[in-house]
>>> print(open('target_22.cif').read())   # mmCIF, C-alpha atoms
data_query
loop_
_atom_site.group_PDB
_atom_site.id
_atom_site.type_symbol
_atom_site.label_atom_id
_atom_site.label_comp_id
_atom_site.auth_asym_id
_atom_site.auth_seq_id
_atom_site.Cartn_x
_atom_site.Cartn_y
_atom_site.Cartn_z
ATOM 1 C CA MET A 142 -50.810 16.494 54.652
ATOM 2 C CA ALA A 143 -47.330 15.724 55.956
ATOM 3 C CA PHE A 144 -47.618 12.201 54.670
ATOM 4 C CA SER A 145 -48.565 13.248 51.156
ATOM 5 C CA LEU A 146 -45.810 15.896 51.084
ATOM 6 C CA PHE A 147 -43.308 13.250 52.166
ATOM 7 C CA SER A 148 -44.576 10.896 49.448
ATOM 8 C CA TYR A 149 -44.305 13.696 46.910
ATOM 9 C CA PHE A 150 -40.635 14.408 47.762
ATOM 10 C CA ARG A 151 -39.846 10.723 47.807
ATOM 11 C CA GLY A 152 -41.374 10.365 44.337
ATOM 12 C CA VAL A 153 -39.356 13.348 43.069
ATOM 13 C CA MET A 154 -36.164 11.885 44.513
ATOM 14 C CA SER A 155 -36.926 8.518 42.912
ATOM 15 C CA LEU A 156 -37.555 10.230 39.586
ATOM 16 C CA GLY A 157 -34.257 12.095 39.918
ATOM 17 C CA THR A 158 -32.422 8.814 40.556
ATOM 18 C CA THR A 159 -34.039 7.303 37.442
ATOM 19 C CA PHE A 160 -32.915 10.288 35.354
ATOM 20 C CA GLN A 161 -29.385 9.974 36.756
ATOM 21 C CA LYS A 162 -29.241 6.281 35.828
ATOM 22 C CA ARG A 163 -30.590 6.976 32.350
ATOM 23 C CA TYR A 164 -28.141 9.880 31.897
ATOM 24 C CA ARG A 165 -25.236 7.689 33.022
ATOM 25 C CA ARG A 166 -26.298 4.907 30.619
ATOM 26 C CA ASN A 167 -26.685 7.386 27.720
ATOM 27 C CA LYS A 168 -23.347 8.988 28.568
ATOM 28 C CA GLU A 169 -21.613 5.594 28.382
ATOM 29 C CA THR A 170 -23.283 4.898 25.023
ATOM 30 C CA LEU A 171 -22.213 8.291 23.682
ATOM 31 C CA GLU A 172 -18.652 7.666 24.861
ATOM 32 C CA TRP A 173 -18.653 4.366 22.905
ATOM 33 C CA TYR A 174 -19.926 6.178 19.799
ATOM 34 C CA ASP A 175 -17.194 8.813 20.196
ATOM 35 C CA ALA A 176 -14.506 6.126 20.528
ATOM 36 C CA LEU A 177 -15.864 4.303 17.475
ATOM 37 C CA ALA A 178 -15.930 7.518 15.411
ATOM 38 C CA VAL A 179 -12.322 8.322 16.377
ATOM 39 C CA ALA A 180 -11.217 4.756 15.525
ATOM 40 C CA VAL A 181 -12.891 4.941 12.094
ATOM 41 C CA ALA A 182 -11.265 8.332 11.422
ATOM 42 C CA VAL A 183 -7.812 7.031 12.423
ATOM 43 C CA ILE A 184 -8.200 3.921 10.243
ATOM 44 C CA ALA A 185 -9.305 6.089 7.299
ATOM 45 C CA LEU A 186 -6.280 8.368 7.738
ATOM 46 C CA VAL A 187 -3.904 5.413 8.031
ATOM 47 C CA PHE A 188 -5.290 3.771 4.877
ATOM 48 C CA THR A 189 -5.151 7.089 3.015
ATOM 49 C CA PHE A 190 -1.713 8.381 3.976
ATOM 50 C CA VAL A 191 0.289 5.507 5.488
ATOM 51 C CA VAL A 192 -0.733 2.154 3.977
ATOM 52 C CA ARG A 193 -3.057 1.016 1.198
ATOM 53 C CA ILE A 194 -4.255 -2.240 -0.269
ATOM 54 C CA VAL A 195 -3.655 -2.566 -4.015
ATOM 55 C CA GLN A 196 -4.651 -5.268 -6.471
ATOM 56 C CA VAL A 197 -2.037 -6.647 -8.880
ATOM 57 C CA ASP A 198 -3.167 -6.411 -12.497
ATOM 58 C CA GLY A 199 -1.475 -8.689 -15.023
ATOM 59 C CA SER A 200 1.323 -11.246 -15.017
ATOM 60 C CA SER A 201 4.391 -8.980 -15.221
ATOM 61 C CA MET A 202 5.437 -9.787 -11.622
ATOM 62 C CA VAL A 203 5.162 -13.591 -11.829
ATOM 63 C CA PRO A 204 6.507 -15.555 -9.942
ATOM 64 C CA THR A 205 6.578 -13.002 -7.088
ATOM 65 C CA LEU A 206 3.003 -11.739 -7.536
ATOM 66 C CA ALA A 207 0.169 -13.050 -9.679
ATOM 67 C CA ASP A 208 -2.776 -11.350 -11.340
ATOM 68 C CA GLY A 209 -5.539 -10.502 -8.860
ATOM 69 C CA GLU A 210 -3.454 -10.780 -5.700
ATOM 70 C CA ARG A 211 -3.783 -7.957 -3.200
ATOM 71 C CA VAL A 212 -0.843 -6.368 -1.448
ATOM 72 C CA VAL A 213 -0.363 -3.843 1.337
ATOM 73 C CA ILE A 214 1.825 -0.911 0.314
ATOM 74 C CA ALA A 215 3.491 1.607 2.621
ATOM 75 C CA SER A 216 3.545 5.136 1.259
ATOM 76 C CA PHE A 217 5.932 6.445 3.935
ATOM 77 C CA LEU A 218 8.897 4.284 2.845
ATOM 78 C CA GLN A 219 11.526 5.417 0.354
ATOM 79 C CA PRO A 220 12.002 2.827 -2.419
ATOM 80 C CA ASP A 221 15.302 0.956 -2.343
ATOM 81 C CA TYR A 222 16.998 -1.574 -4.638
ATOM 82 C CA GLY A 223 14.955 -4.730 -4.999
ATOM 83 C CA ASP A 224 11.768 -3.268 -3.500
ATOM 84 C CA VAL A 225 8.477 -3.972 -5.237
ATOM 85 C CA VAL A 226 6.730 -0.641 -5.779
ATOM 86 C CA VAL A 227 3.371 0.539 -7.076
ATOM 87 C CA ILE A 228 3.521 3.393 -9.570
ATOM 88 C CA ASP A 229 0.556 5.763 -9.938
ATOM 89 C CA GLY A 230 -1.602 5.504 -13.045
ATOM 90 C CA TYR A 231 -1.023 9.195 -13.835
ATOM 91 C CA ILE A 232 2.262 8.424 -15.567
ATOM 92 C CA PRO A 233 2.235 8.734 -19.370
ATOM 93 C CA TYR A 234 1.626 4.962 -19.699
ATOM 94 C CA GLY A 235 -1.801 5.541 -18.131
ATOM 95 C CA LYS A 236 -2.086 2.489 -15.870
ATOM 96 C CA PRO A 237 -0.827 1.742 -12.349
ATOM 97 C CA LEU A 238 2.267 -0.448 -12.418
ATOM 98 C CA VAL A 239 3.597 -2.992 -9.923
ATOM 99 C CA LYS A 240 7.333 -3.415 -10.581
ATOM 100 C CA ARG A 241 10.700 -3.942 -8.897
ATOM 101 C CA VAL A 242 13.262 -1.173 -8.342
ATOM 102 C CA ILE A 243 16.415 -1.945 -10.334
ATOM 103 C CA GLY A 244 18.096 1.463 -10.419
ATOM 104 C CA LYS A 245 17.964 4.816 -8.636
ATOM 105 C CA ALA A 246 19.126 8.301 -9.578
ATOM 106 C CA GLY A 247 22.645 8.318 -11.047
ATOM 107 C CA ASP A 248 22.845 4.560 -11.595
ATOM 108 C CA ILE A 249 23.960 3.237 -14.979
ATOM 109 C CA ILE A 250 21.763 0.358 -16.083
ATOM 110 C CA ASP A 251 22.881 -1.970 -18.873
ATOM 111 C CA ILE A 252 21.406 -5.232 -20.121
ATOM 112 C CA ASP A 253 23.145 -8.007 -22.016
ATOM 113 C CA PHE A 254 20.129 -9.377 -23.888
ATOM 114 C CA ASP A 255 22.125 -12.288 -25.346
ATOM 115 C CA ALA A 256 23.094 -13.561 -21.889
ATOM 116 C CA GLY A 257 19.918 -12.220 -20.195
ATOM 117 C CA ILE A 258 21.900 -10.355 -17.510
ATOM 118 C CA VAL A 259 21.069 -6.944 -15.995
ATOM 119 C CA TYR A 260 23.953 -4.740 -14.821
ATOM 120 C CA ARG A 261 23.862 -1.834 -12.397
ATOM 121 C CA ASN A 262 26.975 0.343 -12.363
ATOM 122 C CA GLY A 263 28.924 -2.436 -14.094
ATOM 123 C CA GLU A 264 27.955 -5.208 -11.658
ATOM 124 C CA ALA A 265 25.705 -8.091 -12.693
ATOM 125 C CA LEU A 266 22.603 -8.307 -10.513
ATOM 126 C CA ASP A 267 21.754 -11.512 -8.666
ATOM 127 C CA GLU A 268 18.026 -11.800 -9.358
ATOM 128 C CA PRO A 269 16.533 -15.013 -7.909
ATOM 129 C CA TYR A 270 13.062 -13.448 -8.069
ATOM 130 C CA THR A 271 12.849 -13.395 -11.882
ATOM 131 C CA ALA A 272 10.872 -15.918 -13.918
ATOM 132 C CA GLU A 273 13.659 -16.213 -16.515
ATOM 133 C CA PRO A 274 16.672 -14.263 -17.830
ATOM 134 C CA THR A 275 16.091 -10.860 -19.442
ATOM 135 C CA TRP A 276 16.020 -11.514 -23.185
ATOM 136 C CA MET A 277 13.255 -9.137 -24.290
ATOM 137 C CA TYR A 278 14.504 -5.892 -25.767
ATOM 138 C CA GLU A 279 12.194 -2.855 -25.849
ATOM 139 C CA SER A 280 12.692 0.653 -27.241
ATOM 140 C CA VAL A 281 15.200 2.113 -24.718
ATOM 141 C CA SER A 282 18.865 2.165 -25.777
ATOM 142 C CA PHE A 283 21.329 0.804 -23.227
ATOM 143 C CA PRO A 284 23.328 1.666 -21.220
ATOM 144 C CA ILE A 285 21.075 4.262 -19.608
ATOM 145 C CA THR A 286 21.780 6.630 -16.716
ATOM 146 C CA VAL A 287 18.826 7.013 -14.352
ATOM 147 C CA PRO A 288 17.929 10.734 -14.097
ATOM 148 C CA ASP A 289 17.727 12.591 -10.771
ATOM 149 C CA GLY A 290 14.503 11.942 -8.882
ATOM 150 C CA CYS A 291 13.724 8.833 -10.923
ATOM 151 C CA LEU A 292 13.724 5.037 -10.687
ATOM 152 C CA PHE A 293 14.457 2.340 -13.245
ATOM 153 C CA ILE A 294 11.843 -0.387 -12.720
ATOM 154 C CA MET A 295 11.336 -3.852 -14.184
ATOM 155 C CA GLY A 296 8.813 -6.657 -13.782
ATOM 156 C CA ASP A 297 9.974 -10.030 -12.455
ATOM 157 C CA ASN A 298 8.443 -11.765 -15.472
ATOM 158 C CA ARG A 299 11.074 -10.068 -17.624
ATOM 159 C CA ASN A 300 9.959 -11.335 -21.015
ATOM 160 C CA ASN A 301 6.313 -10.460 -20.392
ATOM 161 C CA SER A 302 6.584 -7.033 -18.780
ATOM 162 C CA ARG A 303 6.285 -3.451 -19.948
ATOM 163 C CA ASP A 304 8.618 -1.450 -17.765
ATOM 164 C CA SER A 305 11.493 1.067 -17.906
ATOM 165 C CA ARG A 306 12.899 -0.735 -20.962
ATOM 166 C CA ASP A 307 9.989 0.803 -22.923
ATOM 167 C CA THR A 308 10.239 4.503 -23.858
ATOM 168 C CA GLU A 309 6.494 4.847 -23.185
ATOM 169 C CA ILE A 310 7.239 4.198 -19.510
ATOM 170 C CA GLY A 311 10.959 4.934 -19.169
ATOM 171 C CA CYS A 312 12.427 5.928 -15.841
ATOM 172 C CA VAL A 313 9.612 6.872 -13.485
ATOM 173 C CA ASP A 314 9.525 9.896 -11.209
ATOM 174 C CA THR A 315 9.796 8.990 -7.520
ATOM 175 C CA ARG A 316 6.818 11.304 -6.883
ATOM 176 C CA ASP A 317 4.676 8.840 -8.856
ATOM 177 C CA VAL A 318 5.466 5.992 -6.452
ATOM 178 C CA LEU A 319 2.357 5.238 -4.393
ATOM 179 C CA GLY A 320 4.275 3.001 -2.039
ATOM 180 C CA VAL A 321 6.489 0.015 -1.382
ATOM 181 C CA ALA A 322 4.714 -3.361 -1.380
ATOM 182 C CA LEU A 323 5.312 -5.104 1.935
ATOM 183 C CA TRP A 324 2.764 -7.835 2.442
ATOM 184 C CA ARG A 325 0.480 -10.047 0.335
ATOM 185 C CA VAL A 326 -2.960 -10.237 1.975
ATOM 186 C CA LEU A 327 -4.946 -12.155 -0.650
ATOM 187 C CA PRO A 328 -5.207 -14.980 -1.360
ATOM 188 C CA PHE A 329 -5.025 -16.109 2.250
ATOM 189 C CA SER A 330 -3.143 -19.263 1.242
ATOM 190 C CA LYS A 331 -0.203 -17.114 0.054
ATOM 191 C CA MET A 332 -0.367 -14.416 2.736
ATOM 192 C CA GLY A 333 3.050 -13.181 3.780
ATOM 193 C CA ALA A 334 5.898 -10.757 3.262
ATOM 194 C CA ILE A 335 6.912 -9.841 -0.290
ATOM 195 C CA GLU A 336 10.547 -10.527 -1.158
#
>>> encode(input="target_22.cif", output="structure tokens")
Amino acid sequence: MAFSLFSYFRGVMSLGTTFQKRYRRNKETLEWYDALAVAVAVIALVFTFVVRIVQVDGSSMVPTLADGERVVIASFLQPDYGDVVVIDGYIPYGKPLVKRVIGKAGDIIDIDFDAGIVYRNGEALDEPYTAEPTWMYESVSFPITVPDGCLFIMGDNRNNSRDSRDTEIGCVDTRDVLGVALWRVLPFSKMGAIE
């Protein structure tokens, strides 16, 4: 009887050890699932509120950006002169825009269409990023003062771009800026910072 009772307790102890090992293994697996879920949530929050990937549509930013390229934009940055920005599609024009910041609130923008030169506050801009001089006139009368809370934006392909020179777009509200384009991610052959 003593032998069978001893065997019984030994079997129970062995079973308890097996359960402990299985519990430990399951606990480690659950911890990995928790870490993975937290990582996915953090990535989703970052790509929703901090950075996004946006596809360029059209040729208005050539030679800086071409149609179909994808760029990373940072929504936490305030746009500055020369930055490439993405404007939300909710503006009256109805489509998202990828353009360059030329003027901010209070700036006086003027364009000499004969010489193809853009002026900000009376100073000619040095614009090595443009495809060609600015000869195309749209429907906005110049000079123009950029209203408070707005930006004056233009495409780098100046003579093939609908931008703030067009009354349909005009100066855009800074609240409609989705973010500042920082980095080209596709195609891989052209990956790098946007200037």
>>> resolve_selection(input="target_22.cif", expression="the PyMOL selection byres ((chain A and resi 267-273) around 8)", output="number ranges by chain")
A: 203-205, 265-266, 274-275, 297-300, 336
>>> write_last_selection(input="target_22.cif", atoms="C-alpha atoms", output="PDB file, keeping the file's coordinate frame")
ATOM      1  CA  VAL A 203       5.162 -13.591 -11.829  1.00  0.00           C
ATOM      2  CA  PRO A 204       6.507 -15.555  -9.942  1.00  0.00           C
ATOM      3  CA  THR A 205       6.578 -13.002  -7.088  1.00  0.00           C
ATOM      4  CA  ALA A 265      25.705  -8.091 -12.693  1.00  0.00           C
ATOM      5  CA  LEU A 266      22.603  -8.307 -10.513  1.00  0.00           C
ATOM      6  CA  PRO A 274      16.672 -14.263 -17.830  1.00  0.00           C
ATOM      7  CA  THR A 275      16.091 -10.860 -19.442  1.00  0.00           C
ATOM      8  CA  ASP A 297       9.974 -10.030 -12.455  1.00  0.00           C
ATOM      9  CA  ASN A 298       8.443 -11.765 -15.472  1.00  0.00           C
ATOM     10  CA  ARG A 299      11.074 -10.068 -17.624  1.00  0.00           C
ATOM     11  CA  ASN A 300       9.959 -11.335 -21.015  1.00  0.00           C
ATOM     12  CA  GLU A 336      10.547 -10.527  -1.158  1.00  0.00           C
TER      13      GLU A 336
END
>>> closest_residue(input="target_22.cif", among="A:Ala207, A:Val326, A:Val213, A:Ile294", to="Gly311 (chain A)", atoms="only C-alpha atoms")
A:Ile294
>>> residues_around(input="target_22.cif", residues="Ser200 (chain A)", least_positions_apart="5", cutoff="9 Å", atoms="all atoms listed in the file", output="ChimeraX atom specification")
/A:206-208,296,298,301-302
>>> write_last_selection(input="target_22.cif", atoms="C-alpha atoms", output="tab-separated table (two decimals), in the coordinates of the input")
chain	number	residue	atom	x	y	z
A	206	LEU	CA	3.00	-11.74	-7.54
A	207	ALA	CA	0.17	-13.05	-9.68
A	208	ASP	CA	-2.78	-11.35	-11.34
A	296	GLY	CA	8.81	-6.66	-13.78
A	298	ASN	CA	8.44	-11.76	-15.47
A	301	ASN	CA	6.31	-10.46	-20.39
A	302	SER	CA	6.58	-7.03	-18.78
>>> resolve_selection(input="target_22.cif", expression="the PyMOL selection byres ((chain A and resi 214) around 6)", output="number ranges by chain")
A: 192-193, 213, 215, 320-323
>>> atom_distance(input="target_22.cif", atom1="CA of Cys291 (chain A)", atom2="CA of Arg325 (chain A)")
25.7 Å
>>> closest_residue(input="target_22.cif", among="A:Phe254, A:Gly244, A:Arg303, A:Leu238", to="Met277 (chain A)", atoms="all atoms listed in the file")
A:Phe254
>>> resolve_selection(input="target_22.cif", expression="the PyMOL selection byres ((chain A and resi 313) around 8)", output="PDB file with C-alpha atoms, keeping the file's coordinate frame")
ATOM      1  CA  ILE A 232       2.262   8.424 -15.567  1.00  0.00           C
ATOM      2  CA  CYS A 291      13.724   8.833 -10.923  1.00  0.00           C
ATOM      3  CA  LEU A 292      13.724   5.037 -10.687  1.00  0.00           C
ATOM      4  CA  PHE A 293      14.457   2.340 -13.245  1.00  0.00           C
ATOM      5  CA  ILE A 294      11.843  -0.387 -12.720  1.00  0.00           C
ATOM      6  CA  SER A 305      11.493   1.067 -17.906  1.00  0.00           C
ATOM      7  CA  ILE A 310       7.239   4.198 -19.510  1.00  0.00           C
ATOM      8  CA  GLY A 311      10.959   4.934 -19.169  1.00  0.00           C
ATOM      9  CA  CYS A 312      12.427   5.928 -15.841  1.00  0.00           C
ATOM     10  CA  ASP A 314       9.525   9.896 -11.209  1.00  0.00           C
ATOM     11  CA  THR A 315       9.796   8.990  -7.520  1.00  0.00           C
ATOM     12  CA  ASP A 317       4.676   8.840  -8.856  1.00  0.00           C
TER      13      ASP A 317
END
>>> closest_atom_pairs(input="target_22.cif", of="region 274-315 of chain A", to="region 261-264 of chain A", cutoff="10 Å", atoms="only C-alpha atoms", output="tab-separated table")
residue	atom	partner	partner_atom	distance
A:Pro284	CA	A:Arg261	CA	9.5
A:Ile285	CA	A:Arg261	CA	9.8
A:Thr286	CA	A:Asn262	CA	9.2
>>> closest_residue(input="target_22.cif", among="A:Ile249, A:Val181, A:Leu319, A:Ile243", to="Asp221 (chain A)", atoms="only C-alpha atoms")
A:Ile243
>>> atom_distance(input="target_22.cif", atom1="CA of Pro288 (chain A)", atom2="CA of Ala246 (chain A)")
5.3 Å
>>> closest_residue(input="target_22.cif", among="A:Leu327, A:Val212, A:Ile228, A:Glu279", to="Ile194 (chain A)", atoms="all atoms listed in the file")
A:Val212
>>> atom_distance(input="target_22.cif", atom1="CA of Asp224 (chain A)", atom2="CA of Trp324 (chain A)")
11.7 Å
>>> build_atoms(input="target_22.cif", residues="region 235-250 of chain A", atoms="N, CA and C atoms", output="PDB file, keeping the file's coordinate frame")
ATOM      1  N   GLY A 235      -0.368   5.486 -18.387  1.00  0.00           N
ATOM      2  CA  GLY A 235      -1.801   5.541 -18.131  1.00  0.00           C
ATOM      3  C   GLY A 235      -2.389   4.469 -17.244  1.00  0.00           C
ATOM      4  N   LYS A 236      -1.580   3.544 -16.752  1.00  0.00           N
ATOM      5  CA  LYS A 236      -2.086   2.489 -15.870  1.00  0.00           C
ATOM      6  C   LYS A 236      -1.165   2.365 -14.669  1.00  0.00           C
ATOM      7  N   PRO A 237      -1.707   2.006 -13.494  1.00  0.00           N
ATOM      8  CA  PRO A 237      -0.827   1.742 -12.349  1.00  0.00           C
ATOM      9  C   PRO A 237       0.075   0.546 -12.658  1.00  0.00           C
ATOM     10  N   LEU A 238       1.291   0.607 -12.168  1.00  0.00           N
ATOM     11  CA  LEU A 238       2.267  -0.448 -12.418  1.00  0.00           C
ATOM     12  C   LEU A 238       2.766  -1.021 -11.096  1.00  0.00           C
ATOM     13  N   VAL A 239       2.952  -2.327 -11.058  1.00  0.00           N
ATOM     14  CA  VAL A 239       3.597  -2.992  -9.923  1.00  0.00           C
ATOM     15  C   VAL A 239       4.884  -3.573 -10.475  1.00  0.00           C
ATOM     16  N   LYS A 240       6.027  -3.018 -10.032  1.00  0.00           N
ATOM     17  CA  LYS A 240       7.333  -3.415 -10.581  1.00  0.00           C
ATOM     18  C   LYS A 240       8.373  -3.426  -9.469  1.00  0.00           C
ATOM     19  N   ARG A 241       9.581  -3.875  -9.838  1.00  0.00           N
ATOM     20  CA  ARG A 241      10.700  -3.942  -8.897  1.00  0.00           C
ATOM     21  C   ARG A 241      11.706  -2.846  -9.216  1.00  0.00           C
ATOM     22  N   VAL A 242      12.264  -2.231  -8.162  1.00  0.00           N
ATOM     23  CA  VAL A 242      13.262  -1.173  -8.342  1.00  0.00           C
ATOM     24  C   VAL A 242      14.602  -1.814  -8.694  1.00  0.00           C
ATOM     25  N   ILE A 243      15.126  -1.437  -9.872  1.00  0.00           N
ATOM     26  CA  ILE A 243      16.415  -1.945 -10.334  1.00  0.00           C
ATOM     27  C   ILE A 243      17.490  -0.867 -10.205  1.00  0.00           C
ATOM     28  N   GLY A 244      17.120   0.376 -10.488  1.00  0.00           N
ATOM     29  CA  GLY A 244      18.096   1.463 -10.419  1.00  0.00           C
ATOM     30  C   GLY A 244      17.500   2.725  -9.838  1.00  0.00           C
ATOM     31  N   LYS A 245      18.370   3.520  -9.196  1.00  0.00           N
ATOM     32  CA  LYS A 245      17.964   4.816  -8.636  1.00  0.00           C
ATOM     33  C   LYS A 245      18.785   5.910  -9.315  1.00  0.00           C
ATOM     34  N   ALA A 246      18.491   7.146  -8.944  1.00  0.00           N
ATOM     35  CA  ALA A 246      19.126   8.301  -9.578  1.00  0.00           C
ATOM     36  C   ALA A 246      20.645   8.154  -9.640  1.00  0.00           C
ATOM     37  N   GLY A 247      21.203   8.376 -10.840  1.00  0.00           N
ATOM     38  CA  GLY A 247      22.645   8.318 -11.047  1.00  0.00           C
ATOM     39  C   GLY A 247      23.185   6.950 -11.418  1.00  0.00           C
ATOM     40  N   ASP A 248      22.395   5.916 -11.240  1.00  0.00           N
ATOM     41  CA  ASP A 248      22.845   4.560 -11.595  1.00  0.00           C
ATOM     42  C   ASP A 248      22.906   4.396 -13.111  1.00  0.00           C
ATOM     43  N   ILE A 249      23.868   3.599 -13.556  1.00  0.00           N
ATOM     44  CA  ILE A 249      23.960   3.237 -14.979  1.00  0.00           C
ATOM     45  C   ILE A 249      23.453   1.814 -15.115  1.00  0.00           C
ATOM     46  N   ILE A 250      22.377   1.665 -15.872  1.00  0.00           N
ATOM     47  CA  ILE A 250      21.763   0.358 -16.083  1.00  0.00           C
ATOM     48  C   ILE A 250      22.111  -0.119 -17.490  1.00  0.00           C
TER      49      ILE A 250
END
